[in-house]
$ cat entry.csv   # CSV, C-alpha atoms
chain,number,residue,atom,x,y,z
A,1,MET,CA,-13.8,-34.9,42.5
A,2,LYS,CA,-16.7,-33.7,40.4
A,3,ARG,CA,-16.6,-30.3,42.2
A,4,ILE,CA,-12.9,-30.0,41.5
A,5,ILE,CA,-13.3,-30.8,37.8
A,6,SER,CA,-16.2,-28.4,37.6
A,7,MET,CA,-14.1,-25.6,39.2
A,8,LEU,CA,-11.2,-26.4,36.7
A,9,LEU,CA,-13.6,-26.2,33.8
A,10,CYS,CA,-15.0,-22.9,35.0
A,11,THR,CA,-11.4,-21.5,35.4
A,12,ILE,CA,-10.4,-22.6,31.9
A,13,MET,CA,-13.6,-21.0,30.4
A,14,ILE,CA,-12.9,-17.7,32.2
A,15,LEU,CA,-9.3,-17.7,31.1
A,16,ALA,CA,-10.3,-18.5,27.5
A,17,SER,CA,-12.8,-15.6,27.6
A,18,PHE,CA,-10.1,-13.2,28.8
A,19,THR,CA,-7.8,-14.4,26.0
A,20,VAL,CA,-10.5,-13.6,23.4
A,21,VAL,CA,-11.1,-10.2,24.8
A,22,TYR,CA,-7.4,-9.5,25.0
A,23,ALA,CA,-6.9,-10.4,21.3
A,24,ALA,CA,-9.9,-8.2,20.2
A,25,ASP,CA,-8.6,-5.3,22.3
A,26,ASN,CA,-5.4,-5.4,20.3
A,27,GLU,CA,-7.1,-5.0,16.9
A,28,TYR,CA,-7.8,-1.6,15.4
A,29,SER,CA,-9.7,-0.4,12.4
A,30,LEU,CA,-7.5,0.6,9.5
A,31,THR,CA,-10.1,2.7,7.8
A,32,SER,CA,-11.8,4.7,10.6
A,33,GLY,CA,-9.0,7.4,10.5
A,34,ASP,CA,-8.5,7.2,14.3
A,35,TYR,CA,-5.6,4.7,14.4
A,36,ALA,CA,-3.9,5.1,11.0
A,37,ARG,CA,-3.8,7.9,8.4
A,38,LEU,CA,-4.6,6.6,4.9
A,39,LEU,CA,-2.1,7.5,2.2
A,40,GLY,CA,-2.7,7.6,-1.6
A,41,ARG,CA,-5.8,6.7,-3.5
A,42,GLY,CA,-7.9,3.7,-2.7
A,43,GLU,CA,-11.5,2.5,-2.8
A,44,MET,CA,-13.7,1.4,0.1
A,45,LEU,CA,-15.1,-2.1,-0.3
A,46,GLY,CA,-17.8,-2.2,2.4
A,47,MET,CA,-17.5,-0.4,5.7
A,48,GLU,CA,-14.1,-1.6,7.0
A,49,GLU,CA,-12.2,-2.7,3.9
A,50,ARG,CA,-10.1,-0.6,1.5
A,51,THR,CA,-8.0,-1.3,-1.6
A,52,PHE,CA,-4.3,-0.3,-1.7
A,53,ASN,CA,-3.5,-0.8,-5.4
A,54,TRP,CA,-2.1,2.5,-6.6
A,55,THR,CA,1.7,2.7,-6.2
A,56,ASN,CA,2.5,4.4,-2.8
A,57,ALA,CA,-1.0,3.8,-1.4
A,58,GLY,CA,-0.8,2.8,2.3
A,59,PHE,CA,-1.1,4.1,5.8
A,60,GLU,CA,0.9,5.7,8.6
A,61,PHE,CA,0.5,5.5,12.4
A,62,ILE,CA,2.4,6.3,15.6
A,63,PHE,CA,2.8,4.0,18.6
A,64,THR,CA,5.1,2.8,21.4
A,65,GLY,CA,4.8,-0.9,20.9
A,66,SER,CA,7.2,-3.5,19.7
A,67,SER,CA,5.2,-5.3,17.0
A,68,ALA,CA,2.5,-4.6,14.4
A,69,GLU,CA,0.5,-6.6,11.9
A,70,VAL,CA,-2.0,-5.8,9.2
A,71,TYR,CA,-4.9,-7.9,8.0
A,72,VAL,CA,-5.2,-8.4,4.2
A,73,GLU,CA,-8.8,-9.3,3.5
A,74,LYS,CA,-8.3,-10.5,-0.1
A,75,THR,CA,-5.6,-10.7,-2.8
A,76,ILE,CA,-5.9,-11.2,-6.5
A,77,ILE,CA,-2.6,-11.8,-8.3
A,78,THR,CA,-1.4,-12.7,-11.8
A,79,LYS,CA,0.0,-16.1,-12.6
A,80,THR,CA,3.5,-15.1,-13.3
A,81,PRO,CA,6.4,-16.2,-11.0
A,82,TYR,CA,7.1,-12.5,-10.2
A,83,ASN,CA,3.6,-11.4,-9.2
A,84,GLY,CA,2.5,-10.3,-5.8
A,85,ASN,CA,1.9,-7.3,-3.6
A,86,PHE,CA,5.2,-5.7,-2.4
A,87,PHE,CA,5.2,-2.9,0.2
A,88,ASN,CA,7.8,-0.9,2.0
A,89,CYS,CA,7.6,-0.5,5.8
A,90,ALA,CA,9.5,2.6,7.0
A,91,VAL,CA,10.3,3.4,10.6
A,92,PHE,CA,10.6,7.1,11.5
A,93,ASP,CA,11.8,8.9,14.6
A,94,GLY,CA,9.7,12.0,14.2
A,95,ASP,CA,10.4,12.9,10.6
A,96,VAL,CA,13.8,11.2,10.5
A,97,LEU,CA,14.0,7.9,8.7
A,98,VAL,CA,15.5,5.1,10.8
A,99,ARG,CA,15.2,2.2,8.4
A,100,VAL,CA,13.0,0.7,5.7
A,101,GLU,CA,12.2,-2.9,4.9
A,102,ARG,CA,10.5,-4.3,1.7
A,103,LEU,CA,7.7,-6.9,2.4
A,104,LYS,CA,5.5,-9.1,0.3
A,105,LEU,CA,2.0,-9.2,1.8
A,106,THR,CA,-0.4,-12.2,1.5
A,107,GLU,CA,-3.9,-12.9,2.6
A,108,GLY,CA,-4.5,-12.9,6.3
A,109,TRP,CA,-2.3,-11.4,9.1
A,110,ASN,CA,1.1,-10.0,8.0
A,111,THR,CA,3.8,-8.9,10.4
A,112,ILE,CA,4.9,-5.4,9.2
A,113,TYR,CA,7.0,-4.3,12.2
A,114,THR,CA,9.1,-6.0,14.8
A,115,GLU,CA,11.2,-3.8,17.1
A,116,GLN,CA,15.0,-3.7,16.6
A,117,ALA,CA,17.9,-2.3,18.5
A,118,GLY,CA,18.1,1.4,17.9
A,119,ASP,CA,14.4,2.0,17.2
A,120,PRO,CA,12.9,5.0,19.0
A,121,GLU,CA,10.5,4.5,21.8
A,122,VAL,CA,7.8,6.5,20.0
A,123,LYS,CA,8.0,5.5,16.4
A,124,LYS,CA,6.1,6.4,13.3
A,125,ILE,CA,5.4,3.5,11.0
A,126,MET,CA,4.6,4.0,7.3
A,127,LEU,CA,3.5,1.1,5.1
A,128,VAL,CA,3.2,2.0,1.4
A,129,ARG,CA,2.9,0.0,-1.8
A,130,SER,CA,6.1,-0.6,-3.7
A,131,SER,CA,4.9,-2.6,-6.7
A,132,GLU,CA,2.1,-1.9,-9.2
A,133,GLY,CA,-1.5,-3.2,-9.1
A,134,CYS,CA,-1.2,-4.9,-12.5
A,135,PHE,CA,0.9,-7.6,-10.8
A,136,GLY,CA,-1.3,-8.0,-7.8
A,137,LEU,CA,-4.3,-6.4,-6.0
A,138,LEU,CA,-5.3,-6.4,-2.4
A,139,SER,CA,-7.5,-4.9,0.3
A,140,MET,CA,-6.8,-4.4,4.0
A,141,SER,CA,-9.0,-3.8,7.0
A,142,LYS,CA,-7.3,-3.7,10.4
A,143,LEU,CA,-4.2,-3.5,12.5
A,144,LYS,CA,-3.0,-5.6,15.4
A,145,THR,CA,-0.5,-4.0,17.7
A,146,ASP,CA,0.7,-4.4,21.3
A,147,SER,CA,0.1,-0.7,22.1
A,148,ALA,CA,-2.7,1.6,20.8
A,149,PRO,CA,-1.8,3.2,17.5
A,150,VAL,CA,-2.6,6.8,16.7
A,151,ALA,CA,-3.0,8.3,13.2
A,152,SER,CA,-0.1,10.5,12.2
A,153,ALA,CA,-0.6,14.2,11.2
A,154,PRO,CA,-0.7,15.2,7.5
A,155,ARG,CA,2.5,16.8,6.2
A,156,ASP,CA,2.5,20.4,5.1
A,157,ILE,CA,3.5,19.8,1.5
A,158,LEU,CA,1.3,17.7,-0.9
A,159,ILE,CA,2.6,16.4,-4.2
A,160,GLU,CA,1.0,14.3,-6.9
A,161,PHE,CA,3.1,12.4,-9.5
A,162,ILE,CA,1.5,11.1,-12.7
A,163,GLY,CA,3.4,8.9,-15.1
A,164,ASP,CA,4.2,5.4,-16.4
A,165,SER,CA,6.8,2.8,-15.4
A,166,TYR,CA,9.5,5.4,-14.8
A,167,THR,CA,7.3,7.0,-12.2
A,168,ALA,CA,6.1,3.7,-10.7
A,169,GLY,CA,9.7,2.6,-10.2
A,170,TYR,CA,10.3,-0.1,-12.8
A,171,GLY,CA,13.7,-1.9,-12.3
A,172,ASN,CA,14.5,-0.1,-9.1
A,173,SER,CA,14.4,-3.1,-6.7
A,174,ILE,CA,17.7,-4.3,-5.4
A,175,ASN,CA,16.0,-7.5,-4.1
A,176,LEU,CA,15.4,-9.2,-7.4
A,177,SER,CA,16.3,-12.8,-7.0
A,178,ASP,CA,17.9,-13.2,-10.5
A,179,ASN,CA,18.7,-11.3,-13.6
A,180,LYS,CA,15.1,-11.0,-14.8
A,181,THR,CA,14.6,-7.6,-16.4
A,182,THR,CA,11.0,-7.6,-17.7
A,183,GLY,CA,8.4,-5.7,-15.7
A,184,CYS,CA,7.2,-7.5,-12.6
A,185,ALA,CA,6.2,-6.9,-9.0
A,186,GLU,CA,9.6,-8.0,-7.6
A,187,ASN,CA,11.7,-5.5,-9.6
A,188,THR,CA,9.4,-2.5,-9.3
A,189,ASP,CA,10.2,-0.4,-6.2
A,190,ASN,CA,8.6,3.0,-6.0
A,191,TRP,CA,10.5,3.8,-2.8
A,192,ASN,CA,13.7,4.2,-5.0
A,193,SER,CA,12.0,6.1,-7.8
A,194,TYR,CA,12.4,9.8,-8.3
A,195,THR,CA,9.0,10.3,-6.7
A,196,GLY,CA,10.2,8.8,-3.4
A,197,PHE,CA,13.5,10.8,-3.3
A,198,VAL,CA,11.7,14.1,-4.1
A,199,ALA,CA,9.0,13.6,-1.5
A,200,ARG,CA,11.3,12.5,1.3
A,201,ASN,CA,13.7,15.4,0.5
A,202,TYR,CA,10.8,17.9,1.0
A,203,ARG,CA,9.1,15.9,3.8
A,204,ALA,CA,5.9,15.8,1.7
A,205,ASP,CA,2.9,13.5,1.4
A,206,TYR,CA,2.6,12.3,-2.2
A,207,ASN,CA,0.2,10.4,-4.4
A,208,VAL,CA,1.5,8.3,-7.3
A,209,LEU,CA,-0.7,7.6,-10.3
A,210,ALA,CA,1.5,5.5,-12.5
A,211,TYR,CA,1.0,2.4,-14.7
A,212,GLN,CA,3.7,0.7,-16.8
A,213,GLY,CA,3.2,0.8,-20.5
A,214,ILE,CA,0.5,3.5,-20.8
A,215,GLY,CA,0.5,7.0,-22.0
A,216,LEU,CA,-1.5,10.2,-21.8
A,217,TYR,CA,-4.0,9.1,-24.4
A,218,ARG,CA,-2.9,5.6,-25.6
A,219,GLN,CA,-1.9,2.4,-24.0
A,220,GLY,CA,1.6,1.0,-24.6
A,221,PRO,CA,2.6,-1.5,-27.4
A,222,LEU,CA,0.7,-4.8,-27.5
A,223,LYS,CA,-1.6,-3.6,-24.7
A,224,GLY,CA,-4.6,-3.2,-26.9
A,225,GLU,CA,-7.1,-0.4,-27.3
A,226,GLY,CA,-9.9,0.7,-25.0
A,227,SER,CA,-10.0,1.9,-21.4
A,228,GLY,CA,-7.1,2.3,-19.2
A,229,ASN,CA,-5.0,5.2,-20.5
A,230,MET,CA,-4.0,7.9,-17.9
A,231,MET,CA,-6.8,10.2,-19.0
A,232,GLU,CA,-9.3,7.6,-17.7
A,233,GLN,CA,-7.2,6.2,-14.8
A,234,PHE,CA,-7.0,9.7,-13.4
A,235,GLU,CA,-10.8,9.9,-12.9
A,236,TYR,CA,-11.1,6.9,-10.5
A,237,ALA,CA,-10.2,6.1,-6.9
A,238,ASP,CA,-8.6,2.8,-7.8
A,239,THR,CA,-6.4,1.8,-10.6
A,240,LEU,CA,-8.1,0.2,-13.6
A,241,ILE,CA,-6.4,-3.1,-14.3
A,242,ARG,CA,-6.5,-4.3,-17.9
A,243,ASP,CA,-6.8,-8.0,-17.0
A,244,PRO,CA,-10.5,-8.6,-16.1
A,245,LEU,CA,-9.5,-11.8,-14.2
A,246,ILE,CA,-7.7,-9.9,-11.6
A,247,ASN,CA,-9.6,-6.6,-11.6
A,248,MET,CA,-11.0,-5.4,-8.2
A,249,THR,CA,-12.2,-1.9,-8.8
A,250,THR,CA,-15.8,-0.9,-9.2
A,251,LYS,CA,-14.9,2.3,-11.1
A,252,HIS,CA,-15.8,4.5,-8.1
A,253,PRO,CA,-15.0,8.2,-9.0
A,254,HIS,CA,-12.2,9.8,-7.1
A,255,ASP,CA,-13.1,12.6,-4.7
A,256,PHE,CA,-10.6,15.3,-5.7
A,257,SER,CA,-11.6,17.4,-2.7
A,258,LYS,CA,-9.8,15.0,-0.3
A,259,TYR,CA,-6.3,15.7,-1.6
A,260,GLN,CA,-5.4,19.0,-3.2
A,261,PRO,CA,-1.7,19.0,-4.0
A,262,ASN,CA,0.6,22.0,-3.9
A,263,LEU,CA,2.6,20.5,-6.8
A,264,VAL,CA,1.6,18.1,-9.7
A,265,THR,CA,4.3,16.6,-11.9
A,266,VAL,CA,3.6,14.7,-15.1
A,267,TRP,CA,6.0,12.3,-16.9
A,268,LEU,CA,4.0,10.9,-19.8
A,269,GLY,CA,4.4,10.5,-23.6
A,270,THR,CA,7.0,7.8,-24.0
A,271,ASN,CA,4.5,5.1,-24.6
A,272,ASP,CA,2.3,7.4,-26.8
A,273,ARG,CA,5.3,8.0,-29.1
A,274,ALA,CA,6.2,4.3,-29.1
A,275,ILE,CA,2.8,3.4,-30.6
A,276,VAL,CA,2.9,6.3,-33.1
A,277,SER,CA,6.3,5.2,-34.4
A,278,ASN,CA,5.0,1.7,-35.0
A,279,GLU,CA,2.1,2.7,-37.2
$ encode --input "entry.csv" --output "structure tokens"
Amino acid sequence: MKRIISMLLCTIMILASFTVVYAADNEYSLTSGDYARLLGRGEMLGMEERTFNWTNAGFEFIFTGSSAEVYVEKTIITKTPYNGNFFNCAVFDGDVLVRVERLKLTEGWNTIYTEQAGDPEVKKIMLVRSSEGCFGLLSMSKLKTDSAPVASAPRDILIEFIGDSYTAGYGNSINLSDNKTTGCAENTDNWNSYTGFVARNYRADYNVLAYQGIGLYRQGPLKGEGSGNMMEQFEYADTLIRDPLINMTTKHPHDFSKYQPNLVTVWLGTNDRAIVSNE
């Protein structure tokens, strides 16, 4: 009997060890560049962790599996009911959009893709930030998929959009749970802003540097003075959040050599004029 119990325990231990190896084999670095292509600006926090706080920051990969998850290392959010980190997960067949789903990511593992009828066998998955960092910050580190992902190839056209709430996508979400119209994470959807329509029309990669309520040289009404206008935001890898309680950035300078756009569009000035008219 003791021999049988010993054999059973050994078998259970072997199976458990296989289970652990199997789980680890399905996890892939998000920041190495081998398994996913990073999109938009962000800042490395350590060796394997990166921020995704600028609107439209995210990643893209190709695989043949039926499910995919991303691991959120940490989140910092405001205390309003409409805070959070909203992202859009788009499924492509080559360069043809199949469908897009809006998701709210939280700390830990988040399912970003589950196969549906009509999805291509080889699919390209793009996860990009929909809301603004001022309503919630996060960093991510790894993917978990049921087939090995491969980083997608860069597109031929590169665009950079610089602006305020219009550029970020304020009020563009069709998923708002009630009639709330003030700025919040839930009703800001960059996918349905002019930046998204232009970039998808030209099949371009695009960075978005946008922050509601700020201008070229001044911050918006009631936002106070000091750092944070677009002249300063433009210099850093991560967005500078005005609220020190939710700030994540270390003010790491942006490396402009890594992304050299063919086209830069600027829509700023509305908030500058608003302040001048109140003085």
$ closest_atom_pairs --input "entry.csv" --of "segment 155-249 of chain A" --to "segment 80-86 of chain A" --cutoff "6 Å" --atoms "only C-alpha atoms" --output "CSV"
residue,atom,partner,partner_atom,distance
A:Cys184,CA,A:Tyr82,CA,5.5
A:Ala185,CA,A:Asn83,CA,5.2
A:Glu186,CA,A:Tyr82,CA,5.8
$ closest_residue --input "entry.csv" --among "A:Leu209, A:Leu105, A:Cys134, A:Val198" --to "Glu235 of chain A" --atoms "all atoms listed in the file"
A:Leu209
$ closest_residue --input "entry.csv" --among "A:Gly33, A:Gly183, A:Gly163, A:Gly215" --to "Thr265 of chain A" --atoms "only C-alpha atoms"
A:Gly163
$ closest_residue --input "entry.csv" --among "A:Ala210, A:Leu240, A:Ala117, A:Leu245" --to "Glu132 of chain A" --atoms "all atoms listed in the file"
A:Ala210
$ residues_around --input "entry.csv" --residues "Tyr194 of chain A" --least-positions-apart "2" --cutoff "12 Å" --atoms "only C-alpha atoms" --output "PyMOL selection string"
chain A and resi 161-163+165-170+172+189-192+196-201+206+208+265+267
$ closest_residue --input "entry.csv" --among "A:Asn262, A:Leu216, A:Thr78, A:Arg37" --to "Gly133 of chain A" --atoms "only C-alpha atoms"
A:Thr78
$ atom_distance --input "entry.csv" --atom1 "atom CA of Val128 of chain A" --atom2 "atom CA of Thr55 of chain A"
7.8 Å
$ residues_around --input "entry.csv" --residues "Lys123 of chain A" --least-positions-apart "5" --cutoff "12 Å" --atoms "all atoms listed in the file" --output "PyMOL selection string"
chain A and resi 60-68+90-99+113-116+118+147+149-152
$ atom_distance --input "entry.csv" --atom1 "atom CA of Thr31 of chain A" --atom2 "atom CA of Ser139 of chain A"
11.0 Å
$ atom_distance --input "entry.csv" --atom1 "atom CA of Asp255 of chain A" --atom2 "atom CA of Asn88 of chain A"
25.8 Å
$ closest_residue --input "entry.csv" --among "A:Val70, A:Leu143, A:Gly136, A:Pro120" --to "Asp34 of chain A" --atoms "all atoms listed in the file"
A:Leu143
$ closest_residue --input "entry.csv" --among "A:Asn26, A:Asn56, A:Ser193, A:Thr250" --to "Leu127 of chain A" --atoms "all atoms listed in the file"
A:Asn56
$ residues_around --input "entry.csv" --residues "Glu107 of chain A" --least-positions-apart "4" --cutoff "8 Å" --atoms "all atoms listed in the file" --output "NGL selection string"
:A and (71-75)
$ write_last_selection --input "entry.csv" --atoms "C-alpha atoms" --output "compact mmCIF listing (two decimals), in the coordinates of the input"
# COMPACT_ATOMS: atom_id res chain seq x y z
CA TYR A 71 -4.90 -7.90 8.00
CA VAL A 72 -5.20 -8.40 4.20
CA GLU A 73 -8.80 -9.30 3.50
CA LYS A 74 -8.30 -10.50 -0.10
CA THR A 75 -5.60 -10.70 -2.80
$ residues_around --input "entry.csv" --residues "Ser32 of chain A" --least-positions-apart "2" --cutoff "12 Å" --atoms "only C-alpha atoms" --output "list in words"
Tyr28, Ser29, Leu30, Asp34, Tyr35, Ala36, Arg37, Leu38, Met44, Met47, Glu48, Glu49, Arg50, Phe59, Ser141, Lys142, Leu143, Val150 and Ala151 of chain A
$ decode --input "entry.csv" --residues "segment 59-71 of chain A" --atoms "N, CA and C atoms" --output "short mmCIF file (atom, residue, chain, number, x, y, z; two decimals), in the first residue's frame"
data_model
loop_
_atom_site.label_atom_id
_atom_site.label_comp_id
_atom_site.auth_asym_id
_atom_site.auth_seq_id
_atom_site.Cartn_x
_atom_site.Cartn_y
_atom_site.Cartn_z
N PHE A 59 0.00 47.67 -28.53
CA PHE A 59 0.88 46.70 -29.18
C PHE A 59 0.09 45.91 -30.22
N GLU A 60 0.83 45.18 -31.06
CA GLU A 60 0.22 44.43 -32.16
C GLU A 60 1.02 43.16 -32.41
N PHE A 61 0.32 42.05 -32.62
CA PHE A 61 0.99 40.78 -32.89
C PHE A 61 0.14 39.92 -33.81
N ILE A 62 0.76 38.90 -34.38
CA ILE A 62 0.10 37.96 -35.29
C ILE A 62 0.20 36.57 -34.68
N PHE A 63 -0.91 35.81 -34.71
CA PHE A 63 -0.87 34.44 -34.23
C PHE A 63 -2.03 33.64 -34.80
N THR A 64 -2.02 32.33 -34.55
CA THR A 64 -3.05 31.45 -35.09
C THR A 64 -3.92 30.85 -33.99
N GLY A 65 -3.77 31.35 -32.78
CA GLY A 65 -4.48 30.77 -31.65
C GLY A 65 -5.92 31.23 -31.54
N SER A 66 -6.56 30.82 -30.44
CA SER A 66 -7.97 31.14 -30.22
C SER A 66 -8.20 32.03 -29.00
N SER A 67 -7.13 32.33 -28.26
CA SER A 67 -7.29 33.19 -27.09
C SER A 67 -5.99 33.91 -26.79
N ALA A 68 -6.12 35.08 -26.17
CA ALA A 68 -4.95 35.85 -25.79
C ALA A 68 -5.28 36.68 -24.55
N GLU A 69 -4.30 36.80 -23.66
CA GLU A 69 -4.43 37.62 -22.46
C GLU A 69 -3.21 38.52 -22.33
N VAL A 70 -3.37 39.62 -21.62
CA VAL A 70 -2.25 40.51 -21.32
C VAL A 70 -2.19 40.71 -19.81
N TYR A 71 -0.97 40.84 -19.29
CA TYR A 71 -0.80 41.00 -17.84
C TYR A 71 -0.54 42.46 -17.51
#
